[in-house]
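Accompanying notes for the structure given below.
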Amino acid sequence: MSRLAVPKTYKLYIGGKFPRSESGRTYEVATREGAFLANAALASRKDARDAVVAARAAIAGWAGTTGYNRGQVLYRIAELLEGRRAQFVDELVAAEAVSAAVAGRQVDTAIDAWVWYAGWADKYVQVAGNGNPVSGPYFNLSTPEATGVVAIVAPQGATGSLLGLVSVVAPAIVSGNTVVVIANQASPLSAISLAEVLATSDVPGGVVNILTGSPAEIAPWLAGHADVNALDLAGAEALAWVDLQIMAADTLKRVLPPENGAPSPSLERIVALTETKTVWHTKSLI
Amino acid sequence: MTLERPLALAPAKRALELIGADLTEKSLRLHLEGLPGVDAVGLEQRAAGLGTRSIKTTSKAWALDTIIRLIDLTTLEGADTPGKVRSLVAKAMNPDPSDPTVPRVAAVCVYGDMVPYAVEALGASHGDPAKGLISVAAVATAFPSGRASLPVKLADTADAVANGADEIDMVIDRGAFLAGKYGVVFDQIVAVKEACRRADGTYAHLKVILETGELNTYDNVRRASWLAILAGGDFIKTSTGKVAPAATLPVTLLMLEVVRDWKRLTGERIGVKPAGGIRSSKDAIKYLVTVAETAGEEWLDPHLFRFGASSLLNDVLLQRQKLSTGRYSGPDYVTID
Amino acid sequence: MTDITKTSRFLDYAPAPESPSILHLRKNYGLFINGDFVKGHGKPFKTISPATEATIAEIANANARDVDAAVAAARRAYDTTWSKLSGADRGKYLFRIARLVQERARELAVAESLDNGKPIKEARDVDVPLVAAWFFYYAGWADKLDYAGLGPNPRALGVAAQVIPWNFPLLMLAWKIAPALAAGNTVVLKPAETTPLSALIFAEILQQADLPAGVVNIITGAGDTGEALVNHPDVNKVAFTGSTAVGRAIAKSIAGTGKKVTLELGGKAANIVFDDAPIDQAVEGIVNGIFFNQGHVCCAGSRLLVQENVHDEVVDRLKTRLATLRLGDPLDKNTDIGAINSREQLDRIRELSDIGEAEGAERWTAECVIPDKGFWFAPTIFTGVETSSRIAREEIFGPVLSVLTFRTPAEAIAKANNTPYGLSAGIWSDKGSKILAVADQLRAGVIWANTFNRFDPASPFGGYKESGYGREGGRHGLAAYLESAGWGAPSSPKGISTVTKGASK
């Protein structure tokens, strides 16, 4: 045990790259007992802005892929996460002061959530869409599709940082949205490790953008950003989230309310971040 | 694939001017297939919308008389006799014996062999409807099927013209059209037009019956209309009356759009004749509205629009009596013909 | 016999007016609260005919106290009656209402035309038949909520506050009330200040239907009444159709309250005409898209995007077609273009049109005789409009079309999507594959291909982006008034839900 460990530098994840905060700021991440774990990047409003630009740029490609394709990409995340299970367990044990067994269950649950959502990619349209029997010679079909760029405050609980993140990111991207997510402020490290998984899986750069730092500082910039289409306040319970909702109303963003912990996997969560498009077309034999 | 020498078509003037000197089956096909498509739902909705116009009081009175002036009073039965034709002509000249203010119809329409009887019965009343006279129209070209050789069709036409027919209602070869042989249809129309030529060099007016019920699609109707005009037709006519559906408001609207477009393009006016199935004044008024709002009010003229009808006239007369007396009339107060 | 000599053009069809004598109008209308017409405590206002500026009736004005009374009536009806009724019985009430609307269709159409200024033929052939259809459609849902896609036993929300606009007064009422009642909610609805009449006649229909008192309450008033209603603490659901500015204010005011919200807001729809379009139908679609209901339509096709190589031909044909539109007395059955709903709206249309001209666009106006009294605006087309022009970006909500061009499908899509709105769009082409691909990429909630401005109770309607959220119509429109009771265990993956709950605690 004489070998000296090589610690990792934790950075942001924007547009498929791992930049430091443009502000040059970091903050200290510690164990429950206060021991130093790492310096995480303290994202600034400009980082948030860059992340929105990256997310917007990634929309066309990601939403334009087939559901089958997105399903495979999400499943691939589960595969890679499974392969790095031990690393995530170690990180969670250190960061959340839980037993290896509890941490293991959290990682397993997160992996299973990816698998569950992966399966929805080519099905949610069938369940949430509708063929409409209108009174006239028209083909008429309603289908949900991605809302666009979704800004998310990940759950901020003392435990469950990885699962909390997965539980909000997966249902957003399965339909083709791209996200800018503010990770668990106190336990951001597993989020950046997840970014490494995303970067080496088949998720295109910009689909998931992860900011570490202060939700209270960054969330208002995202809530007020005109190029953000939806705001998921899942982890914003401790913030002045009503103000965030009011800011979001300036451009009529779709807003998901704060959740108690990590939201359970649900179709409703996928559908809440979609828009239903109804297409009419004339029908005639002659 | 072998390259065949393109078949040159008869040099009809309009087609030469529009398509160019190298008038061939292929150039005609390209021209017709380049026409914009028709969305049936939208076309039928527009026709239905025009049908909701509410024509009242003075407008209705004018409309009823205009309908009479635009009628080709028709008998096209295997059982037709000279007596039946004389009766038809009498009705055409004096539609309502109780009311001398009723105008005359535009023409009587009969089979070719009945033309001499019609001409004879009309006597001095025979002539241009624009001058208050009555024309004689004859169906020709092996009406209604058109299934005869070209020489037979031409003889049929020439015979009717020689007997005094002012107008020839020919049928196109729907089989050839549906088989894509546009050139065959085109050449036949050109030839029939030539057969309409009288000894003095003038021509009987040529109405080209598309038999839209057999062409089936609106795209076909638009192409056939265009083709008939290019080949020299003076009128395009919906139907023989022997095939269902005969005239419909959407089909007539579409044909009116074609003649409107032809005028936009060339300045020349082509006539339209819906025939078959128009029995009530209410329906006929919808056609007048459609003509006026599509091609323009100037088309409400016997040289540019006709109704091919038989029972329509009596319904118009009943409505006319209602307008003038204020009471509803009954079938015993109009004459059967 | 009447004079049959042709003194004027046939196209100047003789007057064919529908008679307002079919209406049994009262001089004063109260608020419809708890099944009865009652006096309001605000200062009453007059509703006028925008075609003549003549007063139709005096209308009660609901103040905050009246709003309280209406919400209390709705709450009481919800608690004591409506929530205890079976779905089948709720449905039967809705079927009754649908039939009563059909029976009184002519009267409703006349009232709508009189009060709103829309042509009687539209009120008669579009608005009122759709109102009946809406109630008929949702009536059938009332006892089938388990199949609404929200899992078993979805719950009603409670009291719905509904605020509707003046462009389709009765139709918007139907869009709001029918799904709300089918889902088991009770309602307080506020019609627009300038068009309360048909809603008050509808209240009489509710009395004829013997709908339990308080299930539907209709209160009249202006913006402050609506504001008091949506902000009432005992309201569970807010549904609003109107301007984006007001919708934004509502979204802010209900933030943090947990009220479920549906917002149908403004639009600036692109109507895309490709060079392979069925040209005559496209021209009709353009006309219907922007001149239907005087252009007072949130989903109006106000931006014509026409492929450059057919621009001149399309515009030329359009102008020819517009020459046959008849502007005038809304009650005349041959009127195509009625009156602008209010002086305020007319001023806004004029202002934006003047801006369009000042910005350099070429203005063309159909020749129309404008009546002396009332509010009128002749159909107008602006060509040479740039994407940066205000008339290409702002909702005019009037009979004014801005024409822009594009060269490729990609450019058409980019220009169509270049707006903060996203309510509707039109595509005209004979090529099915192109239509479907373009429809895929347009960011709008309703897309009409080779048609425009079609509505059906089975078809969800609603926008993307600043055009609002939520859908009205169809199964989606029903879900907007329901809360899922959860799908239950079977659809949750084994273990996940329990662990996630545990992980957060």
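Simple scheme: letters A, B, ... for chains in structure tokens order, numbers from 1 for residues in each chain, numbers from 1 for ligands in the order shown.
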
Next item on the list: Using DSSP on the backbone coordinates, identify all residues within segment 86-266 of chain C classified as strand (DSSP E or B); present the result as a PyMOL selection string.
Entry: chain C and resi 155-156+159-163+186-190+216-218+237-241+260-264

Note to self: When you look at Pro155 of chain A with a cut-off of 10 Å (counting only C-alpha atoms), what residues show up, excluding the ones that are within fewer than 3 positions of it in the same chain? I need them as a PyMOL selection string.
What the structure shows: (chain A and resi 152+158-168+182-185+233-237+258-263) or (chain C and resi 504)

Give me the residues within 10 Å of Glu96 of chain A as a JSON list (two decimals) with N, CA and C atoms, in the first residue's frame, counting only C-alpha atoms and dropping any in the same chain fewer than 3 places off.
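Generated output (around-v2.json):
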```json
[["chain", "number", "residue", "atom", "x", "y", "z"],
["A", 30, "ALA", "N", -16.21, 17.67, 0.27],
["A", 30, "ALA", "CA", -15.67, 16.92, 1.39],
["A", 30, "ALA", "C", -16.56, 15.74, 1.73],
["A", 31, "THR", "N", -16.03, 14.83, 2.49],
["A", 31, "THR", "CA", -16.85, 13.74, 3.01],
["A", 31, "THR", "C", -17.76, 14.31, 4.07],
["A", 32, "ARG", "N", -18.70, 13.43, 4.55],
["A", 32, "ARG", "CA", -19.57, 13.86, 5.63],
["A", 32, "ARG", "C", -18.76, 14.33, 6.85],
["A", 33, "GLU", "N", -17.62, 13.64, 7.02],
["A", 33, "GLU", "CA", -16.81, 13.96, 8.20],
["A", 33, "GLU", "C", -15.96, 15.20, 7.97],
["A", 91, "GLU", "N", -17.05, 5.88, -4.84],
["A", 91, "GLU", "CA", -17.27, 7.33, -4.77],
["A", 91, "GLU", "C", -18.44, 7.66, -3.86],
["A", 92, "LEU", "N", -19.53, 6.88, -3.99],
["A", 92, "LEU", "CA", -20.71, 7.16, -3.19],
["A", 92, "LEU", "C", -20.46, 6.85, -1.71],
["A", 93, "VAL", "N", -19.73, 5.80, -1.45],
["A", 93, "VAL", "CA", -19.41, 5.47, -0.06],
["A", 93, "VAL", "C", -18.65, 6.64, 0.57],
["A", 99, "SER", "N", -23.02, 2.72, 3.48],
["A", 99, "SER", "CA", -22.30, 1.45, 3.37],
["A", 99, "SER", "C", -22.13, 1.08, 1.91],
["A", 103, "ALA", "N", -24.71, 1.87, -1.15],
["A", 103, "ALA", "CA", -24.19, 2.53, -2.36],
["A", 103, "ALA", "C", -24.38, 1.62, -3.57],
["A", 157, "GLY", "N", -30.43, 15.82, -2.31],
["A", 157, "GLY", "CA", -30.42, 15.09, -1.04],
["A", 157, "GLY", "C", -29.01, 14.74, -0.60],
["A", 158, "ALA", "N", -28.90, 14.47, 0.72],
["A", 158, "ALA", "CA", -27.60, 14.12, 1.28],
["A", 158, "ALA", "C", -27.10, 12.79, 0.74],
["A", 159, "THR", "N", -28.03, 11.95, 0.33],
["A", 159, "THR", "CA", -27.64, 10.69, -0.31],
["A", 159, "THR", "C", -28.39, 10.62, -1.63],
["A", 160, "GLY", "N", -28.00, 9.60, -2.41],
["A", 160, "GLY", "CA", -28.71, 9.38, -3.68],
["A", 160, "GLY", "C", -28.32, 10.33, -4.78],
["A", 161, "SER", "N", -27.09, 10.85, -4.74],
["A", 161, "SER", "CA", -26.72, 11.86, -5.73],
["A", 161, "SER", "C", -26.68, 11.30, -7.15],
["A", 186, "ALA", "N", -23.64, 19.19, -2.95],
["A", 186, "ALA", "CA", -22.75, 18.64, -1.92],
["A", 186, "ALA", "C", -22.01, 17.40, -2.42],
["A", 187, "SER", "N", -22.65, 16.63, -3.29],
["A", 187, "SER", "CA", -22.03, 15.40, -3.79],
["A", 187, "SER", "C", -21.99, 15.40, -5.30]]
```

Next item on the list: One decimal, Å: what's the distance from atom CA of Ile59 of chain C over to atom CA of Ser243 of chain C, could you say?
Entry: 23.2 Å

Could the residues of chain B that have an atom at most 7 Å from chain A be listed as a tab-separated table, each with its closest atom pair and the distance in Å to one decimal, counting only C-alpha atoms and ordered by chain and ascending residue number?
```
residue	atom	partner	partner_atom	distance
B:Ala40	CA	A:Ser284	CA	6.2
B:Val41	CA	A:Thr282	CA	6.1
B:Asn216	CA	A:Ile286	CA	6.5
B:Thr217	CA	A:Ile286	CA	4.4
B:Tyr218	CA	A:Ile286	CA	6.1
```

Next item on the list: Fewer than 2 positions away in the same chain doesn't count, so skip those; otherwise give me all residues within 7 Å of segment 193-208 of chain A, counting only C-alpha atoms, as a list in words.
Entry: Tyr13, Ile14, Gly15, Gly16, Ala54, Ala55, Ala58, Val73, Arg76, Ile77, Leu80, Leu81, Thr178, Val179, Val180, Leu189, Ser190, Ala191 and Ile210 of chain A

Quick one: contact table of segment 185-246 of chain B to segment 254-270 of chain B, 10 Å max, nearest atom pair and distance in Å to one decimal per residue, counting only C-alpha atoms, chain and number order, as JSON lines?
```
{"residue": "B:Lys207", "atom": "CA", "partner": "B:Ile270", "partner_atom": "CA", "distance": 9.9}
{"residue": "B:Tyr218", "atom": "CA", "partner": "B:Leu254", "partner_atom": "CA", "distance": 7.7}
{"residue": "B:Asp219", "atom": "CA", "partner": "B:Leu254", "partner_atom": "CA", "distance": 9.5}
{"residue": "B:Val221", "atom": "CA", "partner": "B:Met255", "partner_atom": "CA", "distance": 7.5}
{"residue": "B:Arg222", "atom": "CA", "partner": "B:Met255", "partner_atom": "CA", "distance": 6.7}
{"residue": "B:Arg223", "atom": "CA", "partner": "B:Val258", "partner_atom": "CA", "distance": 9.3}
{"residue": "B:Ala224", "atom": "CA", "partner": "B:Met255", "partner_atom": "CA", "distance": 9.6}
{"residue": "B:Ser225", "atom": "CA", "partner": "B:Met255", "partner_atom": "CA", "distance": 6.6}
{"residue": "B:Trp226", "atom": "CA", "partner": "B:Val258", "partner_atom": "CA", "distance": 6.9}
{"residue": "B:Ile229", "atom": "CA", "partner": "B:Ile270", "partner_atom": "CA", "distance": 7.6}
{"residue": "B:Leu230", "atom": "CA", "partner": "B:Trp262", "partner_atom": "CA", "distance": 9.7}
{"residue": "B:Gly232", "atom": "CA", "partner": "B:Ile270", "partner_atom": "CA", "distance": 9.8}
{"residue": "B:Gly233", "atom": "CA", "partner": "B:Ile270", "partner_atom": "CA", "distance": 7.9}
{"residue": "B:Asp234", "atom": "CA", "partner": "B:Ile270", "partner_atom": "CA", "distance": 5.6}
{"residue": "B:Phe235", "atom": "CA", "partner": "B:Ile270", "partner_atom": "CA", "distance": 5.6}
{"residue": "B:Ile236", "atom": "CA", "partner": "B:Ile270", "partner_atom": "CA", "distance": 7.6}
{"residue": "B:Lys237", "atom": "CA", "partner": "B:Met255", "partner_atom": "CA", "distance": 8.6}
{"residue": "B:Thr238", "atom": "CA", "partner": "B:Met255", "partner_atom": "CA", "distance": 8.3}
```

Could you list, as a short mmCIF file (atom, residue, chain, number, x, y, z; two decimals) with all heavy atoms, in the first residue's frame, every residue of chain C that has an atom within 9 Å of an atom of chain B, counting only C-alpha atoms?
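Heads up, here's the output in result15.cif:
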```cif
data_model
loop_
_atom_site.label_atom_id
_atom_site.label_comp_id
_atom_site.auth_asym_id
_atom_site.auth_seq_id
_atom_site.Cartn_x
_atom_site.Cartn_y
_atom_site.Cartn_z
N MET C 1 -94.22 40.33 -60.81
CA MET C 1 -92.84 39.82 -60.79
C MET C 1 -91.87 40.96 -60.50
O MET C 1 -92.04 42.07 -60.96
CB MET C 1 -92.54 39.20 -62.15
CG MET C 1 -91.15 38.66 -62.27
SD MET C 1 -91.18 36.95 -62.75
CE MET C 1 -89.62 36.43 -62.15
N THR C 2 -90.87 40.64 -59.71
CA THR C 2 -89.87 41.66 -59.40
C THR C 2 -89.08 42.01 -60.65
O THR C 2 -89.06 41.26 -61.62
CB THR C 2 -88.90 41.15 -58.33
OG1 THR C 2 -88.54 39.82 -58.67
CG2 THR C 2 -89.52 41.18 -56.97
N ASP C 3 -88.52 43.15 -60.60
CA ASP C 3 -87.76 43.64 -61.76
C ASP C 3 -86.58 42.71 -62.04
O ASP C 3 -85.71 42.52 -61.20
CB ASP C 3 -87.25 45.06 -61.43
CG ASP C 3 -86.42 45.59 -62.58
OD1 ASP C 3 -86.60 45.07 -63.72
OD2 ASP C 3 -85.62 46.50 -62.33
N ILE C 4 -86.59 42.12 -63.22
CA ILE C 4 -85.51 41.18 -63.50
C ILE C 4 -84.44 41.81 -64.39
O ILE C 4 -83.48 41.17 -64.76
CB ILE C 4 -86.03 39.90 -64.16
CG1 ILE C 4 -86.77 40.23 -65.46
CG2 ILE C 4 -86.91 39.13 -63.21
CD1 ILE C 4 -86.85 39.08 -66.41
N THR C 5 -84.62 43.06 -64.72
CA THR C 5 -83.55 43.66 -65.50
C THR C 5 -82.33 43.80 -64.61
O THR C 5 -82.42 44.06 -63.43
CB THR C 5 -83.95 45.07 -66.01
OG1 THR C 5 -84.36 45.82 -64.88
CG2 THR C 5 -85.06 44.98 -67.02
N LYS C 6 -81.21 43.61 -65.23
CA LYS C 6 -80.00 43.55 -64.43
C LYS C 6 -79.51 44.96 -64.16
O LYS C 6 -78.90 45.59 -65.01
CB LYS C 6 -78.96 42.75 -65.19
CG LYS C 6 -77.98 42.10 -64.28
CD LYS C 6 -77.12 41.18 -65.12
CE LYS C 6 -75.74 41.16 -64.57
NZ LYS C 6 -74.80 40.74 -65.59
N ARG C 9 -74.48 44.13 -60.82
CA ARG C 9 -73.83 42.85 -61.10
C ARG C 9 -74.52 41.74 -60.32
O ARG C 9 -74.98 41.95 -59.20
CB ARG C 9 -72.36 42.91 -60.69
CG ARG C 9 -71.57 44.00 -61.38
CD ARG C 9 -70.11 43.87 -61.01
NE ARG C 9 -69.94 43.62 -59.58
CZ ARG C 9 -68.92 42.93 -59.08
NH1 ARG C 9 -68.01 42.41 -59.86
NH2 ARG C 9 -68.81 42.77 -57.77
N PHE C 10 -74.55 40.56 -60.91
CA PHE C 10 -75.07 39.39 -60.20
C PHE C 10 -74.27 39.18 -58.92
O PHE C 10 -74.80 38.85 -57.87
CB PHE C 10 -74.96 38.17 -61.11
CG PHE C 10 -75.31 36.88 -60.43
CD1 PHE C 10 -76.58 36.68 -59.88
CD2 PHE C 10 -74.40 35.83 -60.35
CE1 PHE C 10 -76.92 35.48 -59.27
CE2 PHE C 10 -74.73 34.64 -59.75
CZ PHE C 10 -75.99 34.46 -59.20
N LEU C 11 -72.97 39.43 -59.02
CA LEU C 11 -72.09 39.19 -57.87
C LEU C 11 -72.38 40.13 -56.70
O LEU C 11 -71.92 39.88 -55.60
CB LEU C 11 -70.62 39.33 -58.30
CG LEU C 11 -70.04 38.10 -58.98
CD1 LEU C 11 -68.69 38.41 -59.60
CD2 LEU C 11 -69.90 36.94 -58.01
N ASP C 12 -73.12 41.20 -56.96
CA ASP C 12 -73.54 42.04 -55.82
C ASP C 12 -74.80 41.46 -55.21
O ASP C 12 -75.75 42.19 -54.92
CB ASP C 12 -73.87 43.47 -56.30
CG ASP C 12 -72.65 44.16 -56.87
OD1 ASP C 12 -71.55 43.81 -56.43
OD2 ASP C 12 -72.81 45.01 -57.75
N TYR C 13 -74.79 40.16 -54.98
CA TYR C 13 -75.98 39.46 -54.52
C TYR C 13 -76.90 40.34 -53.68
O TYR C 13 -76.45 41.04 -52.76
CB TYR C 13 -75.60 38.25 -53.69
CG TYR C 13 -74.62 37.32 -54.33
CD1 TYR C 13 -73.44 36.96 -53.69
CD2 TYR C 13 -74.86 36.81 -55.60
CE1 TYR C 13 -72.54 36.11 -54.29
CE2 TYR C 13 -73.95 35.96 -56.20
CZ TYR C 13 -72.79 35.61 -55.55
OH TYR C 13 -71.89 34.78 -56.14
N ALA C 14 -78.19 40.24 -53.98
CA ALA C 14 -79.17 41.01 -53.20
C ALA C 14 -79.05 40.64 -51.73
O ALA C 14 -78.67 39.53 -51.40
CB ALA C 14 -80.57 40.70 -53.72
N PRO C 15 -79.38 41.58 -50.83
CA PRO C 15 -79.23 41.30 -49.39
C PRO C 15 -79.97 40.03 -48.98
O PRO C 15 -81.07 39.78 -49.43
CB PRO C 15 -79.85 42.53 -48.72
CG PRO C 15 -79.74 43.61 -49.75
CD PRO C 15 -79.86 42.94 -51.09
N ALA C 16 -79.32 39.23 -48.14
CA ALA C 16 -79.94 38.00 -47.63
C ALA C 16 -79.68 37.96 -46.13
O ALA C 16 -78.97 37.10 -45.63
CB ALA C 16 -79.34 36.78 -48.33
N LYS C 121 -72.46 33.17 -41.74
CA LYS C 121 -72.22 31.85 -42.33
C LYS C 121 -71.14 31.09 -41.56
O LYS C 121 -71.19 29.87 -41.46
CB LYS C 121 -71.88 31.95 -43.82
CG LYS C 121 -70.52 32.49 -44.14
CD LYS C 121 -70.18 32.25 -45.61
CE LYS C 121 -68.77 32.70 -45.91
NZ LYS C 121 -68.42 32.59 -47.32
N ASP C 275 -43.71 24.89 -54.61
CA ASP C 275 -44.03 25.11 -56.03
C ASP C 275 -44.81 23.94 -56.63
O ASP C 275 -45.36 24.06 -57.71
CB ASP C 275 -42.78 25.43 -56.85
CG ASP C 275 -41.76 24.31 -56.86
OD1 ASP C 275 -42.01 23.27 -56.22
OD2 ASP C 275 -40.70 24.47 -57.50
N ASP C 276 -44.86 22.81 -55.92
CA ASP C 276 -45.66 21.69 -56.43
C ASP C 276 -47.01 21.59 -55.72
O ASP C 276 -47.62 20.53 -55.68
CB ASP C 276 -44.87 20.37 -56.30
CG ASP C 276 -44.45 20.09 -54.87
OD1 ASP C 276 -44.74 20.91 -53.98
OD2 ASP C 276 -43.81 19.03 -54.64
N ALA C 277 -47.44 22.69 -55.16
CA ALA C 277 -48.71 22.68 -54.42
C ALA C 277 -49.89 22.55 -55.38
O ALA C 277 -49.82 23.00 -56.52
CB ALA C 277 -48.86 23.97 -53.62
N PRO C 278 -50.99 21.98 -54.91
CA PRO C 278 -52.24 22.06 -55.67
C PRO C 278 -52.71 23.52 -55.59
O PRO C 278 -53.23 23.96 -54.58
CB PRO C 278 -53.19 21.12 -54.92
CG PRO C 278 -52.61 20.95 -53.56
CD PRO C 278 -51.14 21.22 -53.65
N ILE C 279 -52.45 24.26 -56.66
CA ILE C 279 -52.40 25.71 -56.57
C ILE C 279 -53.74 26.34 -56.21
O ILE C 279 -53.80 27.25 -55.38
CB ILE C 279 -51.85 26.31 -57.89
CG1 ILE C 279 -51.58 27.80 -57.76
CG2 ILE C 279 -52.76 26.04 -59.05
CD1 ILE C 279 -50.21 28.08 -57.22
N ASP C 280 -54.82 25.85 -56.80
CA ASP C 280 -56.11 26.48 -56.51
C ASP C 280 -56.53 26.23 -55.07
O ASP C 280 -57.08 27.11 -54.40
CB ASP C 280 -57.19 25.96 -57.46
CG ASP C 280 -56.97 26.46 -58.88
OD1 ASP C 280 -56.81 27.68 -59.05
OD2 ASP C 280 -56.92 25.64 -59.81
N GLN C 281 -56.26 25.02 -54.58
CA GLN C 281 -56.60 24.72 -53.19
C GLN C 281 -55.69 25.49 -52.24
O GLN C 281 -56.11 25.90 -51.15
CB GLN C 281 -56.52 23.22 -52.93
CG GLN C 281 -57.64 22.42 -53.59
CD GLN C 281 -57.50 22.32 -55.09
OE1 GLN C 281 -56.44 21.96 -55.60
NE2 GLN C 281 -58.55 22.65 -55.82
N ALA C 282 -54.43 25.68 -52.64
CA ALA C 282 -53.52 26.45 -51.80
C ALA C 282 -54.01 27.88 -51.65
O ALA C 282 -54.00 28.45 -50.56
CB ALA C 282 -52.11 26.41 -52.39
N GLU C 284 -57.08 28.91 -51.87
CA GLU C 284 -58.22 28.85 -50.95
C GLU C 284 -57.74 28.72 -49.51
O GLU C 284 -58.29 29.33 -48.59
CB GLU C 284 -59.12 27.65 -51.28
CG GLU C 284 -60.01 27.84 -52.49
CD GLU C 284 -60.81 29.12 -52.43
OE1 GLU C 284 -61.44 29.38 -51.40
OE2 GLU C 284 -60.78 29.87 -53.42
N GLY C 285 -56.71 27.91 -49.33
CA GLY C 285 -56.19 27.68 -47.98
C GLY C 285 -55.55 28.93 -47.40
O GLY C 285 -55.64 29.19 -46.20
N ARG C 321 -58.59 36.29 -56.24
CA ARG C 321 -59.56 35.61 -55.37
C ARG C 321 -60.14 36.57 -54.33
O ARG C 321 -61.34 36.54 -54.05
CB ARG C 321 -58.86 34.43 -54.68
CG ARG C 321 -59.68 33.74 -53.61
CD ARG C 321 -60.87 32.98 -54.20
NE ARG C 321 -61.59 32.27 -53.15
CZ ARG C 321 -62.55 32.81 -52.39
NH1 ARG C 321 -62.93 34.06 -52.62
NH2 ARG C 321 -63.15 32.13 -51.46
N THR C 324 -63.26 38.66 -54.85
CA THR C 324 -64.62 38.11 -54.74
C THR C 324 -65.10 38.06 -53.29
O THR C 324 -66.24 37.67 -53.04
CB THR C 324 -64.72 36.69 -55.34
OG1 THR C 324 -63.96 35.79 -54.52
CG2 THR C 324 -64.20 36.64 -56.76
N ASP C 332 -75.62 39.19 -42.94
CA ASP C 332 -75.96 38.80 -44.31
C ASP C 332 -75.32 37.46 -44.60
O ASP C 332 -74.12 37.27 -44.39
CB ASP C 332 -75.50 39.87 -45.30
CG ASP C 332 -76.06 39.62 -46.68
OD1 ASP C 332 -75.80 38.54 -47.27
OD2 ASP C 332 -76.78 40.49 -47.20
N LYS C 333 -76.11 36.54 -45.14
CA LYS C 333 -75.60 35.18 -45.35
C LYS C 333 -74.50 35.12 -46.39
O LYS C 333 -73.83 34.09 -46.52
CB LYS C 333 -76.76 34.26 -45.74
CG LYS C 333 -77.76 34.05 -44.62
CD LYS C 333 -78.98 33.30 -45.12
CE LYS C 333 -80.14 33.44 -44.15
NZ LYS C 333 -81.41 33.08 -44.80
N ASN C 334 -74.36 36.16 -47.19
CA ASN C 334 -73.31 36.14 -48.21
C ASN C 334 -72.06 36.91 -47.80
O ASN C 334 -71.16 37.09 -48.60
CB ASN C 334 -73.86 36.72 -49.51
CG ASN C 334 -74.89 35.79 -50.12
OD1 ASN C 334 -74.72 34.57 -50.09
ND2 ASN C 334 -75.97 36.35 -50.64
N SER C 429 -48.30 21.00 -50.69
CA SER C 429 -47.48 20.31 -51.67
C SER C 429 -48.22 19.07 -52.11
O SER C 429 -49.05 18.54 -51.37
CB SER C 429 -46.13 19.92 -51.06
OG SER C 429 -45.47 18.97 -51.88
N ASP C 430 -47.92 18.61 -53.31
CA ASP C 430 -48.51 17.37 -53.78
C ASP C 430 -47.64 16.17 -53.41
O ASP C 430 -47.96 15.04 -53.73
CB ASP C 430 -48.69 17.41 -55.31
CG ASP C 430 -50.15 17.25 -55.71
OD1 ASP C 430 -51.01 17.25 -54.80
OD2 ASP C 430 -50.42 17.10 -56.90
N ASN C 450 -52.15 20.64 -46.75
CA ASN C 450 -53.13 20.82 -47.82
C ASN C 450 -54.52 21.15 -47.28
O ASN C 450 -55.54 20.83 -47.89
CB ASN C 450 -53.18 19.60 -48.75
CG ASN C 450 -51.90 19.49 -49.56
OD1 ASN C 450 -51.17 20.46 -49.71
ND2 ASN C 450 -51.61 18.31 -50.08
N THR C 451 -54.54 21.76 -46.13
CA THR C 451 -55.77 22.31 -45.57
C THR C 451 -55.34 23.33 -44.52
O THR C 451 -54.13 23.50 -44.30
CB THR C 451 -56.67 21.20 -44.97
OG1 THR C 451 -57.93 21.76 -44.61
CG2 THR C 451 -56.02 20.56 -43.76
#
```

Next item on the list: Please provide the set of residues having any atom within 6 Å of segment 114-127 of chain B, restricted to only C-alpha atoms, with same-chain residues fewer than 3 positions apart removed, written as an MDAnalysis selection string.
Entry: chainID B and resid 82 86 111 133:135 163

Next item on the list: Write out as a PyMOL selection string each polymer residue whose atoms come within 9 Å of Asp187 of chain B, counting only C-alpha atoms; drop sequence neighbours fewer than 6 positions from it.
Entry: chain B and resi 9-12+231

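The smallest atom-to-atom distance between Leu222 of chain A and any of A:Ser2, A:Ala86, A:Gly129, A:Arg49, using only C-alpha atoms, is found for A:Arg49.
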
Checklist line | segment 137-382 of chain C: residues DSSP assigns to helix (DSSP H, G or I), reported as number ranges by chain | finding: C: 137-141, 145-147, 169-183, 197-208, 223-230, 244-253, 279-295, 308-322, 343-358
